[in-house]
$ cat model-v2.csv   # CSV, C-alpha atoms
chain,number,residue,atom,x,y,z
A,1,MET,CA,-26.8,-8.4,-51.0
A,2,MET,CA,-30.4,-9.1,-50.2
A,3,SER,CA,-32.8,-10.6,-52.7
A,4,SER,CA,-35.9,-8.8,-53.7
A,5,LEU,CA,-38.1,-11.3,-51.8
A,6,VAL,CA,-36.1,-10.6,-48.6
A,7,ILE,CA,-36.6,-6.8,-49.1
A,8,ILE,CA,-40.4,-7.3,-49.7
A,9,LEU,CA,-40.7,-9.4,-46.5
A,10,TRP,CA,-38.6,-6.8,-44.6
A,11,VAL,CA,-40.8,-3.9,-45.8
A,12,LEU,CA,-44.0,-5.7,-45.1
A,13,ASN,CA,-42.7,-6.6,-41.6
A,14,ILE,CA,-42.0,-3.0,-40.8
A,15,PHE,CA,-45.4,-2.0,-42.3
A,16,PHE,CA,-47.4,-4.4,-40.2
A,17,ASP,CA,-45.4,-3.7,-37.0
A,18,THR,CA,-46.0,0.0,-37.4
A,19,ILE,CA,-49.7,-0.4,-38.1
A,20,GLY,CA,-50.0,-2.7,-35.1
A,21,GLN,CA,-48.3,-0.3,-32.7
A,22,ILE,CA,-50.3,2.7,-34.0
A,23,ALA,CA,-53.5,0.6,-33.7
A,24,PHE,CA,-52.7,-0.3,-30.1
A,25,LYS,CA,-51.9,3.3,-29.3
A,26,TYR,CA,-55.2,4.4,-30.6
A,27,ALA,CA,-57.0,1.6,-28.7
A,28,ALA,CA,-55.2,2.7,-25.5
A,29,ILE,CA,-56.0,6.4,-25.8
A,30,SER,CA,-59.6,6.0,-27.0
A,31,PRO,CA,-61.9,7.8,-24.5
A,32,SER,CA,-63.3,5.4,-21.9
A,33,ASN,CA,-64.4,6.6,-18.5
A,34,ARG,CA,-65.8,3.3,-17.3
A,35,ASP,CA,-64.2,1.2,-14.6
A,36,GLY,CA,-63.3,-2.4,-14.1
A,37,TYR,CA,-65.3,-4.9,-16.1
A,38,TYR,CA,-66.8,-2.3,-18.4
A,39,TYR,CA,-63.4,-1.0,-19.4
A,40,TRP,CA,-62.5,-4.4,-20.9
A,41,ILE,CA,-65.8,-4.7,-22.7
A,42,ASP,CA,-65.2,-1.3,-24.2
A,43,LEU,CA,-61.7,-2.3,-25.2
A,44,LEU,CA,-62.9,-5.5,-26.9
A,45,ARG,CA,-65.4,-3.5,-28.9
A,46,ASN,CA,-62.8,-1.1,-30.1
A,47,TYR,CA,-61.9,-1.9,-33.7
A,48,TRP,CA,-58.4,-0.5,-33.3
A,49,LEU,CA,-57.6,-3.4,-30.9
A,50,TRP,CA,-58.6,-5.9,-33.6
A,51,ILE,CA,-56.6,-4.1,-36.3
A,52,GLY,CA,-53.6,-4.3,-33.9
A,53,ILE,CA,-54.0,-8.0,-33.2
A,54,GLY,CA,-54.5,-8.8,-36.9
A,55,SER,CA,-51.4,-6.8,-37.8
A,56,TYR,CA,-49.3,-8.6,-35.2
A,57,LEU,CA,-50.5,-12.0,-36.5
A,58,ALA,CA,-49.5,-11.0,-40.0
A,59,GLU,CA,-46.2,-9.8,-38.7
A,60,PHE,CA,-45.6,-13.1,-36.9
A,61,MET,CA,-45.8,-15.1,-40.2
A,62,LEU,CA,-43.8,-12.5,-42.2
A,63,TRP,CA,-41.0,-12.5,-39.6
A,64,LEU,CA,-40.9,-16.3,-39.9
A,65,GLY,CA,-40.6,-16.0,-43.6
A,66,PHE,CA,-37.9,-13.3,-43.3
A,67,LEU,CA,-35.8,-15.3,-40.9
A,68,THR,CA,-36.0,-18.3,-43.2
A,69,LEU,CA,-34.0,-16.3,-45.8
A,70,VAL,CA,-31.6,-14.3,-43.7
A,71,PRO,CA,-29.2,-15.2,-40.8
A,72,LEU,CA,-30.6,-14.3,-37.4
A,73,SER,CA,-27.8,-11.9,-36.6
A,74,GLN,CA,-28.5,-9.9,-39.7
A,75,GLY,CA,-32.3,-10.2,-39.4
A,76,ILE,CA,-32.4,-8.8,-35.8
A,77,LEU,CA,-30.2,-5.8,-36.8
A,78,LEU,CA,-32.3,-5.0,-39.9
A,79,GLY,CA,-35.4,-5.3,-37.8
A,80,SER,CA,-34.2,-2.4,-35.6
A,81,ILE,CA,-35.2,0.1,-38.3
A,82,ASN,CA,-38.8,-0.2,-36.9
A,83,ILE,CA,-37.6,2.0,-33.9
A,84,ILE,CA,-37.2,4.8,-36.4
A,85,VAL,CA,-40.3,4.3,-38.5
A,86,ILE,CA,-42.5,4.2,-35.4
A,87,MET,CA,-40.8,7.4,-34.1
A,88,VAL,CA,-41.4,9.2,-37.4
A,89,VAL,CA,-45.1,8.0,-37.5
A,90,GLY,CA,-45.4,9.0,-33.8
A,91,ARG,CA,-44.2,12.5,-34.8
A,92,LEU,CA,-46.8,12.7,-37.7
A,93,LEU,CA,-49.8,11.3,-35.9
A,94,PHE,CA,-49.3,12.1,-32.2
A,95,LYS,CA,-47.1,15.2,-32.5
A,96,GLU,CA,-44.4,13.6,-30.5
A,97,LEU,CA,-41.2,15.6,-30.0
A,98,LEU,CA,-38.2,15.2,-32.3
A,99,THR,CA,-35.3,16.4,-30.0
A,100,ARG,CA,-31.7,16.7,-31.0
A,101,ASP,CA,-30.8,13.4,-29.2
A,102,ARG,CA,-33.6,11.6,-31.0
A,103,ILE,CA,-32.5,12.8,-34.4
A,104,ILE,CA,-28.8,11.8,-33.7
A,105,GLY,CA,-30.0,8.4,-32.5
A,106,MET,CA,-32.1,7.9,-35.6
A,107,LEU,CA,-29.2,8.8,-37.9
A,108,PHE,CA,-26.9,6.3,-36.2
A,109,ILE,CA,-29.5,3.5,-36.4
A,110,THR,CA,-30.2,4.3,-40.1
A,111,ALA,CA,-26.4,4.3,-40.9
A,112,GLY,CA,-26.1,1.0,-39.0
A,113,VAL,CA,-29.0,-0.7,-40.8
A,114,ILE,CA,-27.5,0.4,-44.2
A,115,PHE,CA,-24.1,-1.2,-43.2
A,116,VAL,CA,-25.8,-4.4,-42.2
A,117,GLY,CA,-28.0,-4.4,-45.3
A,118,VAL,CA,-25.1,-4.2,-47.8
A,119,SER,CA,-23.0,-6.7,-45.9
B,1,MET,CA,-34.9,-1.5,-5.9
B,2,ARG,CA,-31.7,-1.9,-7.8
B,3,LYS,CA,-32.1,-5.7,-7.7
B,4,PHE,CA,-35.7,-5.3,-9.1
B,5,TYR,CA,-34.4,-3.5,-12.2
B,6,LEU,CA,-31.4,-5.8,-12.7
B,7,ILE,CA,-33.6,-8.9,-12.6
B,8,GLY,CA,-36.3,-7.3,-14.6
B,9,PHE,CA,-34.0,-6.2,-17.4
B,10,ALA,CA,-32.1,-9.5,-17.4
B,11,LEU,CA,-35.5,-11.3,-17.7
B,12,LEU,CA,-36.6,-9.1,-20.5
B,13,LEU,CA,-33.4,-9.7,-22.5
B,14,PHE,CA,-33.7,-13.4,-21.8
B,15,PHE,CA,-37.3,-13.6,-23.1
B,16,ASP,CA,-36.5,-11.5,-26.2
B,17,THR,CA,-33.5,-13.6,-27.0
B,18,LEU,CA,-35.4,-16.9,-26.4
B,19,GLY,CA,-38.2,-15.7,-28.6
B,20,GLN,CA,-35.9,-14.7,-31.5
B,21,THR,CA,-33.8,-17.8,-31.3
B,22,SER,CA,-36.9,-20.0,-31.3
B,23,PHE,CA,-38.2,-18.0,-34.3
B,24,LYS,CA,-35.1,-18.8,-36.2
B,25,LEU,CA,-35.3,-22.5,-35.2
B,26,THR,CA,-38.9,-22.5,-36.3
B,27,ALA,CA,-38.0,-21.0,-39.6
B,28,ASN,CA,-35.3,-23.6,-40.2
B,29,SER,CA,-37.5,-26.5,-39.2
B,30,ALA,CA,-40.3,-25.4,-41.5
B,31,GLU,CA,-38.1,-25.0,-44.6
B,32,PRO,CA,-38.6,-24.6,-47.5
B,33,LEU,CA,-40.5,-21.3,-47.3
B,34,GLU,CA,-43.6,-21.3,-49.4
B,35,ALA,CA,-47.0,-19.6,-49.4
B,36,SER,CA,-49.0,-22.8,-48.7
B,37,ILE,CA,-51.0,-24.7,-46.2
B,38,GLU,CA,-48.1,-27.3,-46.1
B,39,TRP,CA,-45.7,-24.6,-44.8
B,40,LEU,CA,-48.2,-23.5,-42.1
B,41,VAL,CA,-48.6,-27.1,-41.0
B,42,ARG,CA,-44.8,-27.5,-40.8
B,43,VAL,CA,-44.6,-24.3,-38.8
B,44,PHE,CA,-47.2,-25.3,-36.2
B,45,THR,CA,-46.4,-28.9,-35.8
B,46,GLN,CA,-43.0,-28.5,-34.3
B,47,PRO,CA,-42.2,-27.3,-30.8
B,48,TRP,CA,-40.1,-24.2,-31.5
B,49,VAL,CA,-42.9,-22.0,-32.6
B,50,TYR,CA,-44.6,-22.5,-29.2
B,51,ILE,CA,-41.4,-21.6,-27.4
B,52,ALA,CA,-41.2,-18.5,-29.5
B,53,ILE,CA,-44.8,-17.6,-28.5
B,54,ILE,CA,-43.9,-18.2,-24.8
B,55,GLY,CA,-40.9,-15.9,-25.3
B,56,TYR,CA,-43.1,-13.2,-26.6
B,57,ILE,CA,-45.7,-13.5,-23.9
B,58,GLY,CA,-42.9,-13.6,-21.2
B,59,ALA,CA,-41.3,-10.5,-22.7
B,60,PHE,CA,-44.7,-8.7,-22.8
B,61,PHE,CA,-45.5,-9.3,-19.1
B,62,THR,CA,-41.9,-8.5,-18.0
B,63,TRP,CA,-42.1,-5.3,-19.9
B,64,MET,CA,-45.4,-4.3,-18.5
B,65,THR,CA,-44.2,-4.9,-15.0
B,66,LEU,CA,-41.0,-3.0,-15.6
B,67,LEU,CA,-42.7,0.0,-17.1
B,68,LYS,CA,-44.7,0.6,-13.9
B,69,LYS,CA,-41.5,1.5,-12.0
B,70,ALA,CA,-38.5,1.8,-14.2
B,71,PRO,CA,-37.1,5.1,-15.5
B,72,VAL,CA,-38.0,5.4,-19.2
B,73,GLY,CA,-34.5,6.0,-20.6
B,74,PRO,CA,-32.9,2.8,-19.3
B,75,ALA,CA,-36.1,0.9,-20.0
B,76,PHE,CA,-36.1,2.0,-23.6
B,77,ALA,CA,-32.4,0.9,-24.0
B,78,ALA,CA,-33.0,-2.4,-22.3
B,79,SER,CA,-36.0,-3.2,-24.6
B,80,HIS,CA,-33.9,-2.8,-27.7
B,81,LEU,CA,-30.4,-4.0,-26.7
B,82,GLU,CA,-31.6,-7.5,-27.4
B,83,VAL,CA,-29.8,-7.0,-30.7
B,84,ILE,CA,-26.5,-7.7,-28.8
B,85,THR,CA,-27.7,-10.8,-27.0
B,86,VAL,CA,-29.3,-12.2,-30.2
B,87,MET,CA,-26.1,-11.6,-32.2
B,88,LEU,CA,-24.1,-13.5,-29.6
B,89,VAL,CA,-26.6,-16.4,-29.6
B,90,SER,CA,-26.5,-16.4,-33.5
B,91,ILE,CA,-22.7,-16.9,-33.4
B,92,TRP,CA,-22.9,-19.6,-30.7
B,93,ILE,CA,-26.0,-21.7,-31.8
B,94,PHE,CA,-26.2,-21.0,-35.6
B,95,ASN,CA,-22.4,-20.6,-36.3
B,96,GLU,CA,-23.1,-17.4,-38.1
B,97,GLN,CA,-20.1,-15.4,-39.3
B,98,ILE,CA,-20.1,-11.8,-38.2
B,99,THR,CA,-18.5,-9.8,-41.0
B,100,LEU,CA,-16.7,-6.5,-40.4
B,101,PHE,CA,-19.6,-4.5,-42.1
B,102,ARG,CA,-22.2,-6.2,-39.9
B,103,LEU,CA,-20.1,-5.5,-36.8
B,104,ILE,CA,-19.8,-1.8,-37.7
B,105,GLY,CA,-23.5,-1.7,-38.4
B,106,ALA,CA,-24.3,-3.3,-35.0
B,107,ALA,CA,-22.1,-0.8,-33.2
B,108,LEU,CA,-23.8,2.1,-35.0
B,109,ILE,CA,-27.2,0.8,-34.1
B,110,VAL,CA,-26.3,0.3,-30.4
B,111,ILE,CA,-24.9,3.9,-30.3
B,112,GLY,CA,-28.2,5.1,-31.8
B,113,ILE,CA,-30.2,3.2,-29.3
B,114,ILE,CA,-28.2,4.7,-26.4
B,115,PHE,CA,-28.8,8.2,-27.9
B,116,LEU,CA,-32.5,7.5,-28.1
B,117,ALA,CA,-32.5,6.2,-24.5
B,118,PHE,CA,-31.0,9.6,-23.3
B,119,ALA,CA,-33.6,11.4,-25.4
B,120,GLU,CA,-36.4,9.5,-23.7
B,121,ARG,CA,-35.0,10.3,-20.3
B,122,ASN,CA,-34.6,14.0,-21.1
B,123,ILE,CA,-38.0,14.4,-22.5
B,124,GLN,CA,-39.4,12.7,-19.5
B,125,GLN,CA,-37.6,15.1,-17.2
B,126,GLN,CA,-38.8,18.0,-19.3
B,127,HIS,CA,-42.4,16.9,-18.9
B,128,GLY,CA,-41.8,16.5,-15.1
B,129,ASN,CA,-40.5,20.1,-14.9
B,130,ASP,CA,-43.5,21.4,-17.0
B,131,ALA,CA,-45.9,19.7,-14.7
B,132,GLU,CA,-44.5,21.3,-11.6
$ encode --input "model-v2.csv" --output "structure tokens"
Amino acid sequence: MMSSLVIILWVLNIFFDTIGQIAFKYAAISPSNRDGYYYWIDLLRNYWLWIGIGSYLAEFMLWLGFLTLVPLSQGILLGSINIIVIMVVGRLLFKELLTRDRIIGMLFITAGVIFVGVS
Amino acid sequence: MRKFYLIGFALLLFFDTLGQTSFKLTANSAEPLEASIEWLVRVFTQPWVYIAIIGYIGAFFTWMTLLKKAPVGPAFAASHLEVITVMLVSIWIFNEQITLFRLIGAALIVIGIIFLAFAERNIQQQHGNDAE
């Protein structure tokens, strides 16, 4: 079974990964009709970009901490839960579709992560 | 075209696996884990952390190149099937034991990823039809 520190690191990892991905999505879809050089200036001024970069830096250190405490094979499998969290958040924020295949896929991954978590 | 995808997906898996393996080697080299400057110094004064960063950067640019051309279903699957290659490397390099529970878990996760890949493809096709 996983210790409480492992669980905290795992949850924080997923949290910052999700924040990072959402922030990059917001940065990408923010209105900008300028071309070339000005597009990049606009992008660098967008605070979502910096939230995304900050989240990814936090995630980098948290993932290192997490992998210190769990075997790599277990860590990578537990990490795949982020696929689902991001899909659910995508549904809530960006009204992305939840089709039958997506729900089946999410259930399989969730079941798999539970198996790996209790192993 | 087929060759472009095969090389692209293989390269993506390679960079992802390299990145995760280097992450684990970094974590091991910097032990014991502690919230301190000493730990950060140990992390950034050994080579593996920089190979991990190279792995991430390599995966990012491979992914961006693939996304321009590849169909979204297989691309989605390929971007997550690193779980298989990383598991194999864990057994080989780190002598990790794969328990029956972990093996069942891995199989379920892979089935889930394949379902999601089909879902991505179908949604893409649906959007294509709507646009016509």
$ axis_aligned_box --input "model-v2.csv" --around "segment 12-20 of chain B" --padding-each-side "4 Å" --output "lines of an AutoDock Vina configuration file"
center_x = -35.8
center_y = -13.0
center_z = -26.0
size_x = 12.8
size_y = 15.8
size_z = 19.0
$ closest_residue --input "model-v2.csv" --among "B:Val49, B:Leu100, B:Ala75, B:Ala27" --to "chain A" --atoms "all atoms listed in the file"
B:Ala27
$ closest_residue --input "model-v2.csv" --among "A:Ile29, A:Leu93, A:Val70, A:Ile53" --to "chain B" --atoms "only C-alpha atoms"
A:Val70
$ closest_atom_pairs --input "model-v2.csv" --of "chain A" --to "chain B" --cutoff "12 Å" --atoms "all atoms listed in the file" --output "tab-separated table"
residue	atom	partner	partner_atom	distance
A:Leu5	CA	B:Leu33	CA	11.2
A:Val6	CA	B:Leu33	CA	11.6
A:Leu9	CA	B:Leu33	CA	11.9
A:Tyr56	CA	B:Tyr56	CA	11.6
A:Leu57	CA	B:Ile53	CA	11.3
A:Phe60	CA	B:Phe23	CA	9.2
A:Met61	CA	B:Leu40	CA	8.9
A:Leu62	CA	B:Ala35	CA	10.6
A:Trp63	CA	B:Phe23	CA	8.1
A:Leu64	CA	B:Ala27	CA	5.5
A:Gly65	CA	B:Leu33	CA	6.5
A:Phe66	CA	B:Ala27	CA	8.5
A:Leu67	CA	B:Lys24	CA	5.9
A:Thr68	CA	B:Ala27	CA	4.9
A:Leu69	CA	B:Leu33	CA	8.3
A:Val70	CA	B:Lys24	CA	9.4
A:Pro71	CA	B:Glu96	CA	7.0
A:Leu72	CA	B:Ser90	CA	6.0
A:Ser73	CA	B:Met87	CA	4.7
A:Gln74	CA	B:Arg102	CA	7.3
A:Gly75	CA	B:Lys24	CA	9.6
A:Ile76	CA	B:Val83	CA	6.0
A:Leu77	CA	B:Val83	CA	6.2
A:Leu78	CA	B:Gly105	CA	9.5
A:Gly79	CA	B:Val83	CA	9.2
A:Ser80	CA	B:Ile109	CA	7.8
A:Ile81	CA	B:Ile109	CA	9.1
A:Asn82	CA	B:His80	CA	10.7
A:Ile83	CA	B:His80	CA	8.7
A:Ile84	CA	B:Leu116	CA	9.9
A:Met87	CA	B:Leu116	CA	10.2
A:Glu96	CA	B:Ile123	CA	10.3
A:Leu97	CA	B:Ile123	CA	8.2
A:Leu98	CA	B:Ala119	CA	9.1
A:Thr99	CA	B:Ala119	CA	7.0
A:Arg100	CA	B:Ala119	CA	7.9
A:Asp101	CA	B:Ala119	CA	5.1
A:Arg102	CA	B:Leu116	CA	5.1
A:Ile103	CA	B:Leu116	CA	8.2
A:Ile104	CA	B:Phe115	CA	6.8
A:Gly105	CA	B:Gly112	CA	3.8
A:Met106	CA	B:Gly112	CA	6.1
A:Leu107	CA	B:Gly112	CA	7.2
A:Phe108	CA	B:Gly112	CA	4.7
A:Ile109	CA	B:Ile109	CA	4.2
A:Thr110	CA	B:Ile109	CA	7.6
A:Ala111	CA	B:Leu108	CA	6.8
A:Gly112	CA	B:Gly105	CA	3.8
A:Val113	CA	B:Gly105	CA	6.1
A:Ile114	CA	B:Gly105	CA	7.4
A:Phe115	CA	B:Gly105	CA	4.9
A:Val116	CA	B:Arg102	CA	4.6
A:Gly117	CA	B:Arg102	CA	8.1
A:Val118	CA	B:Phe101	CA	7.9
A:Ser119	CA	B:Phe101	CA	5.6
$ write_last_selection --input "model-v2.csv" --atoms "C-alpha atoms" --output "mmCIF file, in the coordinates of the input"
data_model
loop_
_atom_site.group_PDB
_atom_site.id
_atom_site.type_symbol
_atom_site.label_atom_id
_atom_site.label_comp_id
_atom_site.auth_asym_id
_atom_site.auth_seq_id
_atom_site.Cartn_x
_atom_site.Cartn_y
_atom_site.Cartn_z
ATOM 1 C CA LEU A 5 -38.100 -11.300 -51.800
ATOM 2 C CA VAL A 6 -36.100 -10.600 -48.600
ATOM 3 C CA LEU A 9 -40.700 -9.400 -46.500
ATOM 4 C CA TYR A 56 -49.300 -8.600 -35.200
ATOM 5 C CA LEU A 57 -50.500 -12.000 -36.500
ATOM 6 C CA PHE A 60 -45.600 -13.100 -36.900
ATOM 7 C CA MET A 61 -45.800 -15.100 -40.200
ATOM 8 C CA LEU A 62 -43.800 -12.500 -42.200
ATOM 9 C CA TRP A 63 -41.000 -12.500 -39.600
ATOM 10 C CA LEU A 64 -40.900 -16.300 -39.900
ATOM 11 C CA GLY A 65 -40.600 -16.000 -43.600
ATOM 12 C CA PHE A 66 -37.900 -13.300 -43.300
ATOM 13 C CA LEU A 67 -35.800 -15.300 -40.900
ATOM 14 C CA THR A 68 -36.000 -18.300 -43.200
ATOM 15 C CA LEU A 69 -34.000 -16.300 -45.800
ATOM 16 C CA VAL A 70 -31.600 -14.300 -43.700
ATOM 17 C CA PRO A 71 -29.200 -15.200 -40.800
ATOM 18 C CA LEU A 72 -30.600 -14.300 -37.400
ATOM 19 C CA SER A 73 -27.800 -11.900 -36.600
ATOM 20 C CA GLN A 74 -28.500 -9.900 -39.700
ATOM 21 C CA GLY A 75 -32.300 -10.200 -39.400
ATOM 22 C CA ILE A 76 -32.400 -8.800 -35.800
ATOM 23 C CA LEU A 77 -30.200 -5.800 -36.800
ATOM 24 C CA LEU A 78 -32.300 -5.000 -39.900
ATOM 25 C CA GLY A 79 -35.400 -5.300 -37.800
ATOM 26 C CA SER A 80 -34.200 -2.400 -35.600
ATOM 27 C CA ILE A 81 -35.200 0.100 -38.300
ATOM 28 C CA ASN A 82 -38.800 -0.200 -36.900
ATOM 29 C CA ILE A 83 -37.600 2.000 -33.900
ATOM 30 C CA ILE A 84 -37.200 4.800 -36.400
ATOM 31 C CA MET A 87 -40.800 7.400 -34.100
ATOM 32 C CA GLU A 96 -44.400 13.600 -30.500
ATOM 33 C CA LEU A 97 -41.200 15.600 -30.000
ATOM 34 C CA LEU A 98 -38.200 15.200 -32.300
ATOM 35 C CA THR A 99 -35.300 16.400 -30.000
ATOM 36 C CA ARG A 100 -31.700 16.700 -31.000
ATOM 37 C CA ASP A 101 -30.800 13.400 -29.200
ATOM 38 C CA ARG A 102 -33.600 11.600 -31.000
ATOM 39 C CA ILE A 103 -32.500 12.800 -34.400
ATOM 40 C CA ILE A 104 -28.800 11.800 -33.700
ATOM 41 C CA GLY A 105 -30.000 8.400 -32.500
ATOM 42 C CA MET A 106 -32.100 7.900 -35.600
ATOM 43 C CA LEU A 107 -29.200 8.800 -37.900
ATOM 44 C CA PHE A 108 -26.900 6.300 -36.200
ATOM 45 C CA ILE A 109 -29.500 3.500 -36.400
ATOM 46 C CA THR A 110 -30.200 4.300 -40.100
ATOM 47 C CA ALA A 111 -26.400 4.300 -40.900
ATOM 48 C CA GLY A 112 -26.100 1.000 -39.000
ATOM 49 C CA VAL A 113 -29.000 -0.700 -40.800
ATOM 50 C CA ILE A 114 -27.500 0.400 -44.200
ATOM 51 C CA PHE A 115 -24.100 -1.200 -43.200
ATOM 52 C CA VAL A 116 -25.800 -4.400 -42.200
ATOM 53 C CA GLY A 117 -28.000 -4.400 -45.300
ATOM 54 C CA VAL A 118 -25.100 -4.200 -47.800
ATOM 55 C CA SER A 119 -23.000 -6.700 -45.900
#
$ residues_around --input "model-v2.csv" --residues "Phe16 of chain A" --least-positions-apart "5" --cutoff "8 Å" --atoms "only C-alpha atoms" --output "VMD selection string"
chain A and resid 55 to 56 58 to 59
$ residues_around --input "model-v2.csv" --residues "segment 62-66 of chain B" --least-positions-apart "3" --cutoff "10 Å" --atoms "only C-alpha atoms" --output "ChimeraX atom specification"
/B:4-5,7-13,15,56-59,69-72,75,78-79
$ atom_distance --input "model-v2.csv" --atom1 "atom CA of Trp48 of chain A" --atom2 "atom CA of Ala27 of chain A"
5.2 Å
$ atom_distance --input "model-v2.csv" --atom1 "atom CA of Trp50 of chain A" --atom2 "atom CA of Tyr26 of chain A"
11.3 Å
$ residues_around --input "model-v2.csv" --residues "Ile86 of chain A" --least-positions-apart "2" --cutoff "10 Å" --atoms "all atoms listed in the file" --output "list in words"
Ile14, Phe15, Asp17, Thr18, Ile19, Gln21, Ile22, Ile81, Asn82, Ile83, Ile84, Val88, Val89, Gly90, Arg91 and Leu92 of chain A
$ atom_distance --input "model-v2.csv" --atom1 "atom CA of Trp48 of chain B" --atom2 "atom CA of Ser22 of chain B"
5.3 Å
$ closest_residue --input "model-v2.csv" --among "B:Ile54, B:Trp39, B:Gly73, B:Gln46" --to "Thr17 of chain B" --atoms "only C-alpha atoms"
B:Ile54
